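Enquirer: Below you'll find the structure I mean.
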Amino acid sequence: MAIEITARKREAQGTGASRRLRRLGRVPGIVYGGDRGPMNIELDHKDLYFNLRNEKFHASILTLALEGSKEQVLLRAVNMHPFKAQVQHIDFQRVSKDKKIHMKVPLHFVNAEKSPGVKEQGGVVNHVLNELDIVCFPDDLPEFVEVDLGGLSVGHSLHVRQLPLPKGVELALHKAEDPVVATVVVPALITEEEEAAQAAAAVSAAEVPTTEQAAAAKEGEGGEEGAKPGDKGAAPKAAEKPAAEKKEKK
């Protein structure tokens with residue numbers, strides 16, 4: 001079922017006019033392409049914002065009800081406020097059934113949990129792409145392209161040209177291009193550097209004395225340095241010189 005949106009022609013133009021529209025809960029926009037010239041339009045912000053949260057709205061042929069007539073359009077650009085949940089401007093392009101269109105469609109990944117890499121080898125799926133560039137006629141435009149990961153093992157990748165595409169859909173790629181869509185990898189919990197660092201830390205910890213050992217060592221050091229002559233731990237005095245040497249000095 002096609003998504004239908006309602007718009008009306010926008011008479012006032014310019015930055016000031018667009019600001020006034022936004023304050024009134026409206027969104028300025030434009031529709032262009034086809035066999036007619038561009039037209040400035042305005043839409044209800046609440047309905048538009050709700051539709052933008054729907055994945056199909058971004059990759060489907062939409063029905064635009066405008067000036068008492070309906071036409072087929074594609075969403076081409078959306079400008080959002082830097083920090084508010086507010087649509088600033090929106091662009092639509094008219095489509096003709098007899099002309100091919102270039103679109104980005106989302107990828108839907110299935111059977112990841114059944115793949116040998118995840119189920120048997122403890123790997124995880126790394127999604128490299130989340131959308132695909134395609135070319136097709138409007139009637140052949142798919143809502144998404146399915147990616148079956150059921151046959152992937154650890155270290156293996158799935159490329160764009162391996163994907164089965166719906167009838168009438170072509171890849172928008174150069175001849176030599178074949179980007180990776182997804183791969184299965186084993187998460188590295190501890191790297192070699194981390195293992196070496198942990199081993200070094202363990203050795204250092206073993207060499208550091210405990211609190212009791214450190215206290216005993218301090219007591220021993222104090223006994224040697226501050227011991228009195230009669231103490232057992234006192235260092236022996238230097239032997240006195242012979243009496244003969246004393247007389248000669250006198």
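We label chains A, B, ... in the order they appear in the structure tokens, count residues from 1 in each chain, and number ligands from 1 in the order shown.
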Might you pull out every residue within 12 Å of Glu42 in chain A, with only C-alpha atoms counted and same-chain residues fewer than 5 positions away left off, and present them as a PyMOL selection string?

Expert: chain A and resi 5-13+17-18+20-22+24-31+47-48+64-67+87-92

Enquirer: Do a neighbour search on range 169-171 of chain A at 7 Å with only C-alpha atoms, toss out local chain neighbours closer than 2 positions, and write the hits as a ChimeraX atom specification.

Expert: /A:133-136,140,165-167,173

Enquirer: Keeping only N, CA, C and O atoms, write the selected residues to a file as a PDB file, in the first residue's frame.

Expert:
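Produced file selection-v7.pdb, reproduced below:
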```
ATOM      1  N   ASP A 133      22.711   0.772  -3.323  1.00  0.00           N
ATOM      2  CA  ASP A 133      22.396   1.638  -4.458  1.00  0.00           C
ATOM      3  C   ASP A 133      21.866   0.783  -5.606  1.00  0.00           C
ATOM      4  O   ASP A 133      22.554  -0.135  -6.067  1.00  0.00           O
ATOM      5  N   ILE A 134      20.668   1.105  -6.069  1.00  0.00           N
ATOM      6  CA  ILE A 134      20.077   0.331  -7.170  1.00  0.00           C
ATOM      7  C   ILE A 134      19.506   1.269  -8.224  1.00  0.00           C
ATOM      8  O   ILE A 134      19.299   2.467  -7.985  1.00  0.00           O
ATOM      9  N   VAL A 135      19.241   0.681  -9.400  1.00  0.00           N
ATOM     10  CA  VAL A 135      18.589   1.392 -10.497  1.00  0.00           C
ATOM     11  C   VAL A 135      17.454   0.506 -10.993  1.00  0.00           C
ATOM     12  O   VAL A 135      17.641  -0.700 -11.211  1.00  0.00           O
ATOM     13  N   CYS A 136      16.266   1.095 -11.167  1.00  0.00           N
ATOM     14  CA  CYS A 136      15.122   0.324 -11.647  1.00  0.00           C
ATOM     15  C   CYS A 136      14.001   1.273 -12.077  1.00  0.00           C
ATOM     16  O   CYS A 136      14.073   2.485 -11.844  1.00  0.00           O
ATOM     17  N   ASP A 140       9.194  -1.321 -10.196  1.00  0.00           N
ATOM     18  CA  ASP A 140      10.029  -2.432  -9.731  1.00  0.00           C
ATOM     19  C   ASP A 140      10.786  -2.113  -8.441  1.00  0.00           C
ATOM     20  O   ASP A 140      11.565  -2.937  -7.955  1.00  0.00           O
ATOM     21  N   LEU A 165      18.895 -10.185  -6.435  1.00  0.00           N
ATOM     22  CA  LEU A 165      18.096  -8.959  -6.533  1.00  0.00           C
ATOM     23  C   LEU A 165      16.724  -9.267  -7.117  1.00  0.00           C
ATOM     24  O   LEU A 165      16.565 -10.190  -7.924  1.00  0.00           O
ATOM     25  N   PRO A 166      15.712  -8.500  -6.729  1.00  0.00           N
ATOM     26  CA  PRO A 166      14.375  -8.678  -7.316  1.00  0.00           C
ATOM     27  C   PRO A 166      14.394  -8.423  -8.823  1.00  0.00           C
ATOM     28  O   PRO A 166      15.303  -7.779  -9.360  1.00  0.00           O
ATOM     29  N   LYS A 167      13.403  -8.911  -9.491  1.00  0.00           N
ATOM     30  CA  LYS A 167      13.305  -8.750 -10.938  1.00  0.00           C
ATOM     31  C   LYS A 167      13.255  -7.276 -11.325  1.00  0.00           C
ATOM     32  O   LYS A 167      12.540  -6.477 -10.717  1.00  0.00           O
ATOM     33  N   LEU A 173      26.650   0.216  -9.685  1.00  0.00           N
ATOM     34  CA  LEU A 173      28.073   0.065  -9.385  1.00  0.00           C
ATOM     35  C   LEU A 173      28.896   0.205 -10.655  1.00  0.00           C
ATOM     36  O   LEU A 173      28.396  -0.028 -11.763  1.00  0.00           O
TER      37      LEU A 173
END
```

Enquirer: With only C-alpha atoms as the atoms that count, which of A:Ile101, A:Ala112, A:Ala200, A:Leu107 lies nearest to Pro164 in chain A?

Expert: A:Leu107

Enquirer: Using Å and a single decimal, report how far CA of Leu141 in chain A sits from CA of Gly168 in chain A.

Expert: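 If I compute the distance from CA of Gly168 in chain A to CA of Leu141 in chain A, I get 8.4 Å.
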
Enquirer: Can you tell me how far CA of Lys70 in chain A sits from CA of Asn51 in chain A, in Å to one decimal?

Expert: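 Separation between CA of Lys70 in chain A and CA of Asn51 in chain A: 17.8 Å.
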
Enquirer: Find the residue from A:Val125, A:Ala77, A:Val105, A:Leu43 that sits nearest to Gly151 in chain A; use only C-alpha atoms when measuring.

Expert: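 With only C-alpha atoms as the atom set, the closest residue is A:Val125.
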
Enquirer: Which is closest to Ala59 in chain A among A:His102, A:Gly123, A:Phe83, A:Arg94, if we use only C-alpha atoms?

Expert: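 For Ala59 in chain A, the nearest of the given residues is A:His102.
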
Enquirer: Using only C-alpha atoms, can you tell me which of A:Glu55, A:Glu113, A:Lys104, A:Arg19 comes closest to Gln86 in chain A?

Expert: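 Ranking A:Glu55, A:Glu113, A:Lys104, A:Arg19 by distance to Gln86 in chain A, first place goes to A:Arg19.
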
Enquirer: Write down as a VMD selection string the residues of range 22-108 of chain A whose backbone DSSP state falls under strand (DSSP E).

Expert: chain A and resid 26 to 32 39 to 44 62 to 66 69 to 80 87 to 94 101 to 108

Enquirer: How far is it from CA of Leu52 in chain A to CA of Phe137 in chain A, in Å with one decimal?

Expert: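 These atoms are spaced 23.2 Å apart.
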
Enquirer: Which of these, A:Asn40, A:Ser60, A:Asn130, A:Gln162, has the shortest distance to Phe109 in chain A once you count only C-alpha atoms?

Expert: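 Comparing A:Asn40, A:Ser60, A:Asn130, A:Gln162 against Phe109 in chain A, the winner is A:Asn130.
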
Enquirer: Env of range 34-36 of chain A: 10 Å cut, atoms = only C-alpha atoms, seq-sep filter 6 positions within chain, self excluded. Answer as an mmCIF file with all heavy atoms, in the first residue's frame.

Expert:
```cif
data_model
loop_
_atom_site.group_PDB
_atom_site.id
_atom_site.type_symbol
_atom_site.label_atom_id
_atom_site.label_comp_id
_atom_site.auth_asym_id
_atom_site.auth_seq_id
_atom_site.Cartn_x
_atom_site.Cartn_y
_atom_site.Cartn_z
ATOM 1 N N VAL A 73 5.790 10.478 -6.237
ATOM 2 C CA VAL A 73 7.038 11.180 -5.927
ATOM 3 C C VAL A 73 7.960 10.282 -5.108
ATOM 4 O O VAL A 73 7.532 9.266 -4.550
ATOM 5 C CB VAL A 73 6.779 12.494 -5.151
ATOM 6 C CG1 VAL A 73 5.951 13.461 -5.978
ATOM 7 C CG2 VAL A 73 6.116 12.193 -3.804
ATOM 8 N N GLN A 93 10.825 14.378 -5.493
ATOM 9 C CA GLN A 93 11.040 14.339 -6.938
ATOM 10 C C GLN A 93 9.915 13.550 -7.598
ATOM 11 O O GLN A 93 9.575 12.447 -7.162
ATOM 12 C CB GLN A 93 12.387 13.676 -7.264
ATOM 13 C CG GLN A 93 12.663 13.601 -8.757
ATOM 14 C CD GLN A 93 13.937 12.828 -9.069
ATOM 15 O OE1 GLN A 93 14.623 12.361 -8.168
ATOM 16 N NE2 GLN A 93 14.249 12.690 -10.349
ATOM 17 N N ARG A 94 9.336 14.121 -8.631
ATOM 18 C CA ARG A 94 8.304 13.416 -9.388
ATOM 19 C C ARG A 94 8.939 12.251 -10.151
ATOM 20 O O ARG A 94 10.093 12.348 -10.585
ATOM 21 C CB ARG A 94 7.608 14.359 -10.374
ATOM 22 C CG ARG A 94 6.938 15.565 -9.725
ATOM 23 C CD ARG A 94 6.181 16.368 -10.786
ATOM 24 N NE ARG A 94 5.651 17.610 -10.214
ATOM 25 C CZ ARG A 94 6.240 18.791 -10.331
ATOM 26 N NH1 ARG A 94 7.396 18.887 -10.982
ATOM 27 N NH2 ARG A 94 5.690 19.861 -9.790
ATOM 28 N N VAL A 95 8.183 11.196 -10.311
ATOM 29 C CA VAL A 95 8.692 10.036 -11.046
ATOM 30 C C VAL A 95 7.785 9.742 -12.234
ATOM 31 O O VAL A 95 6.572 9.992 -12.192
ATOM 32 C CB VAL A 95 8.794 8.789 -10.144
ATOM 33 C CG1 VAL A 95 9.771 9.025 -9.027
ATOM 34 C CG2 VAL A 95 7.437 8.396 -9.583
ATOM 35 N N SER A 96 8.399 9.206 -13.271
ATOM 36 C CA SER A 96 7.663 8.773 -14.461
ATOM 37 C C SER A 96 7.824 7.269 -14.606
ATOM 38 O O SER A 96 8.927 6.733 -14.416
ATOM 39 C CB SER A 96 8.202 9.469 -15.714
ATOM 40 O OG SER A 96 8.111 10.879 -15.582
ATOM 41 N N LYS A 99 10.675 5.936 -16.867
ATOM 42 C CA LYS A 99 12.062 6.350 -16.640
ATOM 43 C C LYS A 99 12.623 5.664 -15.401
ATOM 44 O O LYS A 99 11.967 5.637 -14.353
ATOM 45 C CB LYS A 99 12.145 7.875 -16.476
ATOM 46 C CG LYS A 99 11.839 8.642 -17.750
ATOM 47 C CD LYS A 99 12.008 10.143 -17.539
ATOM 48 C CE LYS A 99 11.702 10.912 -18.812
ATOM 49 N NZ LYS A 99 11.854 12.384 -18.605
#
```

Enquirer: So, counting only C-alpha atoms, which residue among A:Pro179, A:Pro138, A:Pro187, A:Gly33 is closest to Leu62 in chain A?

Expert: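 Nearest to Leu62 in chain A: A:Pro138.
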